[in-house]
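Shown next, in C-alpha cells, is the structure this report addresses.
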Amino acid sequence: MAESMFAVRKLKAERGLSVCEIPRPTPGPEDVLVYVEAASLCGTDLHIWNWDEWSQRRIKPPLTLGHEFCGTIVAVGEKVRTAVVGDYVSAESHVTCGMCYQCRTGQAHMCPHTQILGVDREGAFANYVVVPEKVIWQNNRAKLPPEIATLQEPFGNAVFSTMNQDLSGQSVLVLGCGPIGLFTIGICKAVGAKAVFASDVHPFRIQLATKMGATQVFNPKDHSPSDGEIVDAIVQANGGYGVDVVLEMSGAPSAITTAFRVVRNGGTVILFGIPSKPVEIDVAENMIFKNLTVLALNGRRIFDTWYKTRWLLEGGVINLRPLITKTIELEEINDAMAMLSRGDACKIVVLPNHGRPADIPGGQRARMPDPNITGAPVHR
Ligand SMILES: [Zn+2]
Ligand SMILES: [Zn+2]
C-alpha cells in the first residue's frame, strides 16, 4: 500500500475544513514532490473555509488547501531538468499553460488557463505536495527560514503592485492594513517613499502598520460619519497637499472613494484590493478632471516579481517577522481560520511536519545555484 500523509481538506460543500489521512502523492514526469516545512494561511483560504459565494462557484471538493509554502524536494520525476532532491524551495502558486497569448508575451500571471494550488489543484496544507518543476523557486536556507520563505508568494503581490512605479521621494497612502497592505508599507519605505500614510479600522493592524514603518496611521472610524474628514486629515498631514500615490489594498468601497478624493491632481491610484460588488466612482470629478493615472493590478509577474522579492527578503531589506502572529499544527486549522476571520491575526504559519527538517540521506543542500542568475554555475 502507498504511504499516507495528513492534509487539510475541504471535503464537502459546507463551512469548515477537515484534517484527513490520504495517500502520499507521487510526482509525474515533470513534477517534484516537496516535503512541506511551512505553509501560510491567506484570505483566499478564508473564503474557502467560509464557503462563500466565490468558493461555491470555484472549488470542487474534495480538495487540499494551501498555496503559500516552502519545503524540501524529496523526489523528482524522470523529466525534471534542474531541481534535485534536497533543494529548499517555494513555488509560484499559479500553474500556467505556457501556450496562450498572455503566457507567450510575458503576462503569464493573466493566463486564462491558470490552475492555482489549493484552489484548482491539490495544495500544500499537507505533509507533502506535488508541483510542476516549472513553478518552483530556489531559496537560500541560511538567509530565509521556512516561516519567512513561505511568505514570498503573498509578499510578491505587494512587491508587484508597489514597485510597479517609482515611489522615491513620493508621498504614499496605503488603504487597508491586512497582510498585503502591511507588506506594502515596508516596501514603500524600502524604495524611498518620502512619507507613508496608512489607514485601517482594526487597532491590531494599526499597531502593525506603525511597526512596519508607517509615518502616520489613520482610523476611518475616528472620522465618520463624514469621510471628507479623513481626506482632510491626510491632506493636512501631507503638508496641505493631496497624496502623490494611493495604494488601495482593502477593496472596501469607502476606501476606494477616499483613494480618489485624497490623491493629488495628476497623481496615481493603484487598485489592488478586491471589492465584493460594483463600486460607484465619480469619473468626471475624481478621475478625468484630476488627470489621474489609475492602475488596476492583480497577481505577481512570473518570475520578475520573485527576483525583487528575493532581494527584499534574502537581502534583509524588510523584516516580515512582526507580521507572523502565530505558528500552528495542521490540527489547529479551524481555530486559526476563525482567528483570521475575526481580524485578530496577520499571517498564521502552519508547520505540517512539526517544524522538523526532511530526512534526506546525505543531508540537505544549502542551496542550488540558480541557473537563471547570470554567472552562477549550473550544477549538473
Ligand atoms: Zn494567497
Ligand atoms: Zn497561458
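Ligands are numbered from 1 in the order shown, residues from 1 within each chain, and chains are lettered A, B, ... in the order they appear in the C-alpha cells.
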Extract, using only C-alpha atoms, all DNA, RNA and protein residues at most 9 Å from Gly299 (chain A), discarding same-chain residues fewer than 6 positions from it, and format them as an MDAnalysis selection string.
-> chainID A and resid 109:110 154 156:158 160:161 272
Write a file of the selected residues as a JSON list (two decimals), in the first residue's frame, keeping N, CA and C atoms.
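Generated file (selection_8.json):
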[["chain", "number", "residue", "atom", "x", "y", "z"],
["A", 109, "HIS", "N", 0.88, 35.81, -15.54],
["A", 109, "HIS", "CA", 0.01, 35.96, -14.35],
["A", 109, "HIS", "C", -1.44, 36.22, -14.75],
["A", 110, "MET", "N", -1.68, 36.50, -16.02],
["A", 110, "MET", "CA", -3.04, 36.71, -16.53],
["A", 110, "MET", "C", -3.50, 35.55, -17.40],
["A", 154, "PRO", "N", 2.60, 35.61, -1.08],
["A", 154, "PRO", "CA", 1.75, 36.80, -0.89],
["A", 154, "PRO", "C", 2.54, 38.11, -0.90],
["A", 156, "GLY", "N", 4.92, 38.80, -2.71],
["A", 156, "GLY", "CA", 5.10, 39.14, -4.13],
["A", 156, "GLY", "C", 3.96, 39.98, -4.68],
["A", 157, "ASN", "N", 2.76, 39.76, -4.19],
["A", 157, "ASN", "CA", 1.61, 40.59, -4.62],
["A", 157, "ASN", "C", 1.88, 42.06, -4.29],
["A", 158, "ALA", "N", 2.37, 42.29, -3.09],
["A", 158, "ALA", "CA", 2.65, 43.67, -2.66],
["A", 158, "ALA", "C", 3.83, 44.24, -3.44],
["A", 160, "PHE", "N", 4.75, 43.48, -6.49],
["A", 160, "PHE", "CA", 4.29, 43.77, -7.85],
["A", 160, "PHE", "C", 3.52, 45.09, -7.89],
["A", 161, "SER", "N", 2.54, 45.24, -6.99],
["A", 161, "SER", "CA", 1.69, 46.44, -7.07],
["A", 161, "SER", "C", 2.43, 47.69, -6.62],
["A", 272, "PHE", "N", -5.74, 47.49, -5.95],
["A", 272, "PHE", "CA", -5.31, 46.10, -5.80],
["A", 272, "PHE", "C", -6.29, 45.30, -4.95]]
Output as a ChimeraX atom specification all residues of region 123-269 of chain A that backbone DSSP marks as helix (DSSP H, G or I).
-> /A:133-135,146-149,152-162,179-190,203-211,220-223,228-237,253-262
List all protein, DNA and RNA residues that have any atom at most 7 Å from ligand 1, counting only C-alpha atoms and all ligand atoms, and write the list as an MDAnalysis selection string.
-> chainID A and resid 42:44 67:68 154
Show me which residues are within 10 Å of ligand 2 counting only C-alpha atoms and all ligand atoms, and format the list as a tab-separated table (two decimals) with N, CA, C and O atoms, in the first residue's frame.
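What landed in pocket-v1.tsv:
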chain	number	residue	atom	x	y	z
A	95	VAL	N	-0.08	27.79	-11.75
A	95	VAL	CA	0.46	26.87	-12.75
A	95	VAL	C	-0.18	27.26	-14.07
A	95	VAL	O	-1.38	27.03	-14.29
A	96	THR	N	0.61	27.89	-14.94
A	96	THR	CA	0.05	28.48	-16.16
A	96	THR	C	0.29	27.56	-17.36
A	96	THR	O	1.10	26.64	-17.29
A	97	CYS	N	-0.41	27.86	-18.47
A	97	CYS	CA	-0.41	26.91	-19.59
A	97	CYS	C	0.84	27.01	-20.46
A	97	CYS	O	1.24	26.04	-21.10
A	98	GLY	N	1.46	28.20	-20.48
A	98	GLY	CA	2.69	28.35	-21.26
A	98	GLY	C	2.46	28.55	-22.75
A	98	GLY	O	3.41	28.82	-23.49
A	99	MET	N	1.22	28.45	-23.21
A	99	MET	CA	0.96	28.46	-24.65
A	99	MET	C	0.02	29.58	-25.10
A	99	MET	O	-0.05	29.89	-26.29
A	100	CYS	N	-0.72	30.20	-24.19
A	100	CYS	CA	-1.70	31.20	-24.61
A	100	CYS	C	-1.01	32.54	-24.91
A	100	CYS	O	0.20	32.69	-24.69
A	101	TYR	N	-1.74	33.51	-25.41
A	101	TYR	CA	-1.18	34.82	-25.76
A	101	TYR	C	-0.48	35.46	-24.56
A	101	TYR	O	0.65	35.93	-24.66
A	102	GLN	N	-1.15	35.46	-23.39
A	102	GLN	CA	-0.58	36.08	-22.20
A	102	GLN	C	0.73	35.38	-21.80
A	102	GLN	O	1.73	36.02	-21.50
A	103	CYS	N	0.69	34.05	-21.77
A	103	CYS	CA	1.89	33.31	-21.37
A	103	CYS	C	3.06	33.60	-22.30
A	103	CYS	O	4.20	33.72	-21.87
A	104	ARG	N	2.76	33.75	-23.59
A	104	ARG	CA	3.85	33.91	-24.56
A	104	ARG	C	4.30	35.36	-24.72
A	104	ARG	O	5.22	35.64	-25.47
A	105	THR	N	3.64	36.29	-24.01
A	105	THR	CA	4.05	37.69	-24.11
A	105	THR	C	4.43	38.25	-22.73
A	105	THR	O	4.30	39.43	-22.47
A	106	GLY	N	4.88	37.37	-21.83
A	106	GLY	CA	5.38	37.83	-20.53
A	106	GLY	C	4.29	38.27	-19.57
A	106	GLY	O	4.55	39.04	-18.66
A	107	GLN	N	3.06	37.81	-19.78
A	107	GLN	CA	1.97	38.17	-18.87
A	107	GLN	C	1.30	36.90	-18.32
A	107	GLN	O	0.07	36.84	-18.21
A	108	ALA	N	2.13	35.92	-18.00
A	108	ALA	CA	1.59	34.62	-17.57
A	108	ALA	C	0.67	34.74	-16.36
A	108	ALA	O	-0.21	33.90	-16.16
A	109	HIS	N	0.88	35.81	-15.54
A	109	HIS	CA	0.01	35.96	-14.35
A	109	HIS	C	-1.44	36.22	-14.75
A	109	HIS	O	-2.33	36.22	-13.90
A	110	MET	N	-1.68	36.50	-16.02
A	110	MET	CA	-3.04	36.71	-16.53
A	110	MET	C	-3.50	35.55	-17.40
A	110	MET	O	-4.46	35.67	-18.16
A	111	CYS	N	-2.82	34.41	-17.32
A	111	CYS	CA	-3.17	33.25	-18.15
A	111	CYS	C	-4.60	32.80	-17.85
A	111	CYS	O	-4.94	32.54	-16.70
A	112	PRO	N	-5.45	32.70	-18.87
A	112	PRO	CA	-6.84	32.29	-18.61
A	112	PRO	C	-6.98	30.81	-18.24
A	112	PRO	O	-8.03	30.38	-17.78
A	113	HIS	N	-5.90	30.05	-18.44
A	113	HIS	CA	-5.97	28.61	-18.12
A	113	HIS	C	-5.26	28.28	-16.82
A	113	HIS	O	-4.97	27.11	-16.55
A	114	THR	N	-4.95	29.31	-16.01
A	114	THR	CA	-4.22	29.11	-14.75
A	114	THR	C	-4.91	28.11	-13.83
A	114	THR	O	-6.12	28.14	-13.66
A	115	GLN	N	-4.09	27.24	-13.24
A	115	GLN	CA	-4.57	26.39	-12.14
A	115	GLN	C	-3.83	26.84	-10.90
A	115	GLN	O	-2.59	26.84	-10.87
Using only C-alpha atoms, the shortest atom-to-atom distance to Lys79 (chain A) among A:Ile48, A:Asp166, A:Lys134, A:Met5 belongs to A:Lys134
Near-Lys326 (chain A) list (9 Å; only C-alpha atoms; drop same-chain fewer than 4 positions) as a PyMOL selection string = chain A and resi 336+345-350
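For the atom pair formed by CA of Met339 (chain A) and CA of Leu182 (chain A), the distance is 18.0 Å, given to one decimal.
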Filtered DSSP result for region 32-71 of chain A, state strand (DSSP E or B), as a PDB file with C-alpha atoms, in the first residue's frame:
ATOM      1  CA  VAL A  32       8.683  17.409  -7.895  1.00  0.00           C
ATOM      2  CA  LEU A  33       7.478  16.084  -4.525  1.00  0.00           C
ATOM      3  CA  VAL A  34       8.031  18.650  -1.763  1.00  0.00           C
ATOM      4  CA  TYR A  35       8.150  17.834   1.953  1.00  0.00           C
ATOM      5  CA  VAL A  36       6.302  20.886   3.320  1.00  0.00           C
ATOM      6  CA  GLU A  37       8.210  22.682   6.084  1.00  0.00           C
ATOM      7  CA  ALA A  38       5.932  25.723   6.369  1.00  0.00           C
ATOM      8  CA  ALA A  39       2.758  26.955   4.694  1.00  0.00           C
ATOM      9  CA  SER A  40       0.793  30.121   5.364  1.00  0.00           C
ATOM     10  CA  LEU A  63      -9.543  19.411  -2.199  1.00  0.00           C
ATOM     11  CA  THR A  64      -6.403  20.028  -0.123  1.00  0.00           C
ATOM     12  CA  GLU A  68       1.791  29.605   0.084  1.00  0.00           C
ATOM     13  CA  PHE A  69       4.550  27.233   1.238  1.00  0.00           C
ATOM     14  CA  CYS A  70       8.167  26.181   1.293  1.00  0.00           C
ATOM     15  CA  GLY A  71       9.925  22.893   1.864  1.00  0.00           C
TER      16      GLY A  71
END
Tell me, in Å to one decimal, how far CA of Leu208 (chain A) is from CA of Asp304 (chain A).
->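 Separation between CA of Leu208 (chain A) and CA of Asp304 (chain A): 27.9 Å.
Among the candidates A:Asn319, A:Asn291, A:Ser90, A:Asn334, the residue lying nearest to Val130 (chain A) is A:Ser90 (atoms considered: only C-alpha atoms).
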Atom pair CA of Val85 (chain A) / CA of Val131 (chain A): separation (Å) |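 Between CA of Val85 (chain A) and CA of Val131 (chain A) the gap is 13.7 Å.
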For Phe6 (chain A): contacts at 6 Å, only C-alpha atoms, fewer than 6 positions along chain excluded, given as a PyMOL selection string | chain A and resi 20-21+126-127
Could you write out the selected residues, including N, CA and C atoms, as a PDB file, in the first residue's frame?
ATOM      1  N   CYS A  20      -7.368  15.096   7.194  1.00  0.00           N
ATOM      2  CA  CYS A  20      -7.604  13.720   6.735  1.00  0.00           C
ATOM      3  C   CYS A  20      -6.291  13.001   6.476  1.00  0.00           C
ATOM      4  N   GLU A  21      -6.354  11.678   6.593  1.00  0.00           N
ATOM      5  CA  GLU A  21      -5.217  10.853   6.186  1.00  0.00           C
ATOM      6  C   GLU A  21      -5.494  10.378   4.764  1.00  0.00           C
ATOM      7  N   ALA A 126      -0.375  20.178   3.887  1.00  0.00           N
ATOM      8  CA  ALA A 126      -0.229  18.726   3.960  1.00  0.00           C
ATOM      9  C   ALA A 126       1.237  18.411   4.237  1.00  0.00           C
ATOM     10  N   ASN A 127       1.531  17.157   4.572  1.00  0.00           N
ATOM     11  CA  ASN A 127       2.924  16.780   4.793  1.00  0.00           C
ATOM     12  C   ASN A 127       3.732  16.902   3.498  1.00  0.00           C
TER      13      ASN A 127
END
Write out as a ChimeraX atom specification each polymer residue whose atoms come within 6 Å of region 241-246 of chain A, counting only C-alpha atoms; drop sequence neighbours fewer than 3 positions from it.
-> /A:170-173,235,238,262-264,267-269
From A:Asn164, A:Pro253, A:Ile281, A:Leu330, residue lying nearest Leu295 (chain A) [only C-alpha atoms] = A:Asn164
For Lys10 (chain A), which of A:Gly176, A:Gly355, A:Pro220, A:Pro62 is the closest residue, counting only C-alpha atoms?
-> A:Pro62
Between A:Ile185, A:Val135, A:Leu175, A:Ala198, which has the minimum distance to Val80 (chain A) (counting only C-alpha atoms)?
->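 Using only C-alpha atoms, the shortest distance to Val80 (chain A) belongs to A:Val135.
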Nearest to Pro203 (chain A), chosen from A:Lys308, A:Gly343, A:Thr293, A:Leu323, with only C-alpha atoms counted in the distances |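 Comparing A:Lys308, A:Gly343, A:Thr293, A:Leu323 against Pro203 (chain A), the winner is A:Gly343.
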Shell of 12 Å around Phe218 (chain A), only C-alpha atoms, local chain residues under 2 positions omitted, as JSON, numbers by chain = {"A": [173, 174, 175, 176, 177, 196, 197, 198, 199, 200, 201, 202, 203, 205, 206, 207, 209, 210, 214, 215, 216, 220, 221, 222, 223, 224, 227, 229, 230, 231, 232, 233, 234, 235, 237, 255]}
Quick one: write out the picked residues with N, CA and C atoms as a tab-separated table (two decimals), in the first residue's frame?
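Result file out.tsv:
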chain	number	residue	atom	x	y	z
A	173	LEU	N	-0.07	56.81	0.26
A	173	LEU	CA	-1.10	56.39	1.22
A	173	LEU	C	-1.47	54.94	0.92
A	174	VAL	N	-1.42	54.09	1.96
A	174	VAL	CA	-1.81	52.68	1.83
A	174	VAL	C	-3.15	52.50	2.54
A	175	LEU	N	-4.18	52.18	1.79
A	175	LEU	CA	-5.51	51.99	2.37
A	175	LEU	C	-5.74	50.49	2.62
A	176	GLY	N	-5.91	50.12	3.89
A	176	GLY	CA	-6.11	48.70	4.24
A	176	GLY	C	-4.81	48.09	4.72
A	177	CYS	N	-4.78	47.67	5.99
A	177	CYS	CA	-3.55	47.12	6.58
A	177	CYS	C	-3.71	45.65	6.93
A	196	VAL	N	4.85	57.64	4.28
A	196	VAL	CA	3.94	56.52	4.03
A	196	VAL	C	2.79	56.60	5.03
A	197	PHE	N	1.66	57.12	4.58
A	197	PHE	CA	0.47	57.17	5.43
A	197	PHE	C	-0.30	55.87	5.23
A	198	ALA	N	-1.05	55.47	6.26
A	198	ALA	CA	-1.81	54.23	6.16
A	198	ALA	C	-3.15	54.42	6.84
A	199	SER	N	-4.09	53.52	6.53
A	199	SER	CA	-5.41	53.63	7.13
A	199	SER	C	-6.01	52.24	7.33
A	200	ASP	N	-6.59	52.03	8.51
A	200	ASP	CA	-7.32	50.78	8.79
A	200	ASP	C	-8.20	51.01	10.02
A	201	VAL	N	-9.20	50.13	10.20
A	201	VAL	CA	-10.10	50.29	11.34
A	201	VAL	C	-9.73	49.41	12.53
A	202	HIS	N	-8.93	48.33	12.30
A	202	HIS	CA	-8.59	47.41	13.40
A	202	HIS	C	-7.39	47.91	14.20
A	203	PRO	N	-7.54	48.07	15.54
A	203	PRO	CA	-6.42	48.54	16.37
A	203	PRO	C	-5.18	47.65	16.22
A	205	ARG	N	-4.17	45.95	13.61
A	205	ARG	CA	-3.49	46.23	12.34
A	205	ARG	C	-2.83	47.61	12.34
A	206	ILE	N	-3.47	48.56	13.01
A	206	ILE	CA	-2.91	49.92	13.10
A	206	ILE	C	-1.55	49.85	13.80
A	207	GLN	N	-1.49	49.02	14.84
A	207	GLN	CA	-0.24	48.84	15.59
A	207	GLN	C	0.85	48.25	14.68
A	209	ALA	N	0.98	48.43	11.43
A	209	ALA	CA	1.34	49.41	10.40
A	209	ALA	C	2.44	50.32	10.91
A	210	THR	N	2.33	50.72	12.18
A	210	THR	CA	3.36	51.56	12.79
A	210	THR	C	4.67	50.79	12.87
A	214	ALA	N	5.08	52.92	9.06
A	214	ALA	CA	4.17	53.96	8.56
A	214	ALA	C	4.45	55.29	9.27
A	215	THR	N	4.41	56.37	8.52
A	215	THR	CA	4.65	57.70	9.06
A	215	THR	C	3.52	58.09	10.02
A	216	GLN	N	2.29	57.82	9.62
A	216	GLN	CA	1.11	58.11	10.45
A	216	GLN	C	-0.02	57.20	9.99
A	220	PRO	N	-10.43	55.34	9.92
A	220	PRO	CA	-11.64	55.99	9.38
A	220	PRO	C	-12.75	56.11	10.41
A	221	LYS	N	-12.75	55.22	11.42
A	221	LYS	CA	-13.79	55.28	12.45
A	221	LYS	C	-13.71	56.59	13.26
A	222	ASP	N	-12.50	57.13	13.37
A	222	ASP	CA	-12.33	58.39	14.10
A	222	ASP	C	-12.89	59.56	13.30
A	223	HIS	N	-13.18	59.33	12.04
A	223	HIS	CA	-13.58	60.43	11.15
A	223	HIS	C	-14.99	60.27	10.59
A	224	SER	N	-15.70	59.21	11.00
A	224	SER	CA	-17.04	59.04	10.47
A	224	SER	C	-17.99	59.99	11.22
A	227	ASP	N	-16.81	61.11	5.51
A	227	ASP	CA	-15.49	60.59	5.14
A	227	ASP	C	-14.63	61.71	4.56
A	229	GLU	N	-13.74	64.06	6.27
A	229	GLU	CA	-12.84	64.39	7.37
A	229	GLU	C	-11.52	63.64	7.29
A	230	ILE	N	-11.57	62.36	6.89
A	230	ILE	CA	-10.31	61.61	6.83
A	230	ILE	C	-9.46	62.13	5.68
A	231	VAL	N	-10.11	62.53	4.60
A	231	VAL	CA	-9.38	63.12	3.47
A	231	VAL	C	-8.67	64.39	3.94
A	232	ASP	N	-9.40	65.25	4.65
A	232	ASP	CA	-8.81	66.49	5.18
A	232	ASP	C	-7.64	66.19	6.11
A	233	ALA	N	-7.83	65.19	6.97
A	233	ALA	CA	-6.78	64.87	7.95
A	233	ALA	C	-5.51	64.39	7.25
A	234	ILE	N	-5.66	63.58	6.21
A	234	ILE	CA	-4.49	63.06	5.49
A	234	ILE	C	-3.80	64.19	4.72
A	235	VAL	N	-4.60	65.03	4.07
A	235	VAL	CA	-4.04	66.16	3.31
A	235	VAL	C	-3.26	67.09	4.26
A	237	ALA	N	-1.85	66.22	7.08
A	237	ALA	CA	-0.61	65.53	7.49
A	237	ALA	C	0.43	65.58	6.37
A	255	ALA	N	-13.11	53.00	1.09
A	255	ALA	CA	-11.68	53.27	0.92
A	255	ALA	C	-11.38	53.65	-0.53
Counting only C-alpha atoms, what is within 7 Å of Asn50 (chain A), bar same-chain residues fewer than 4 positions away, as an MDAnalysis selection string?
-> chainID A and resid 15:16 46
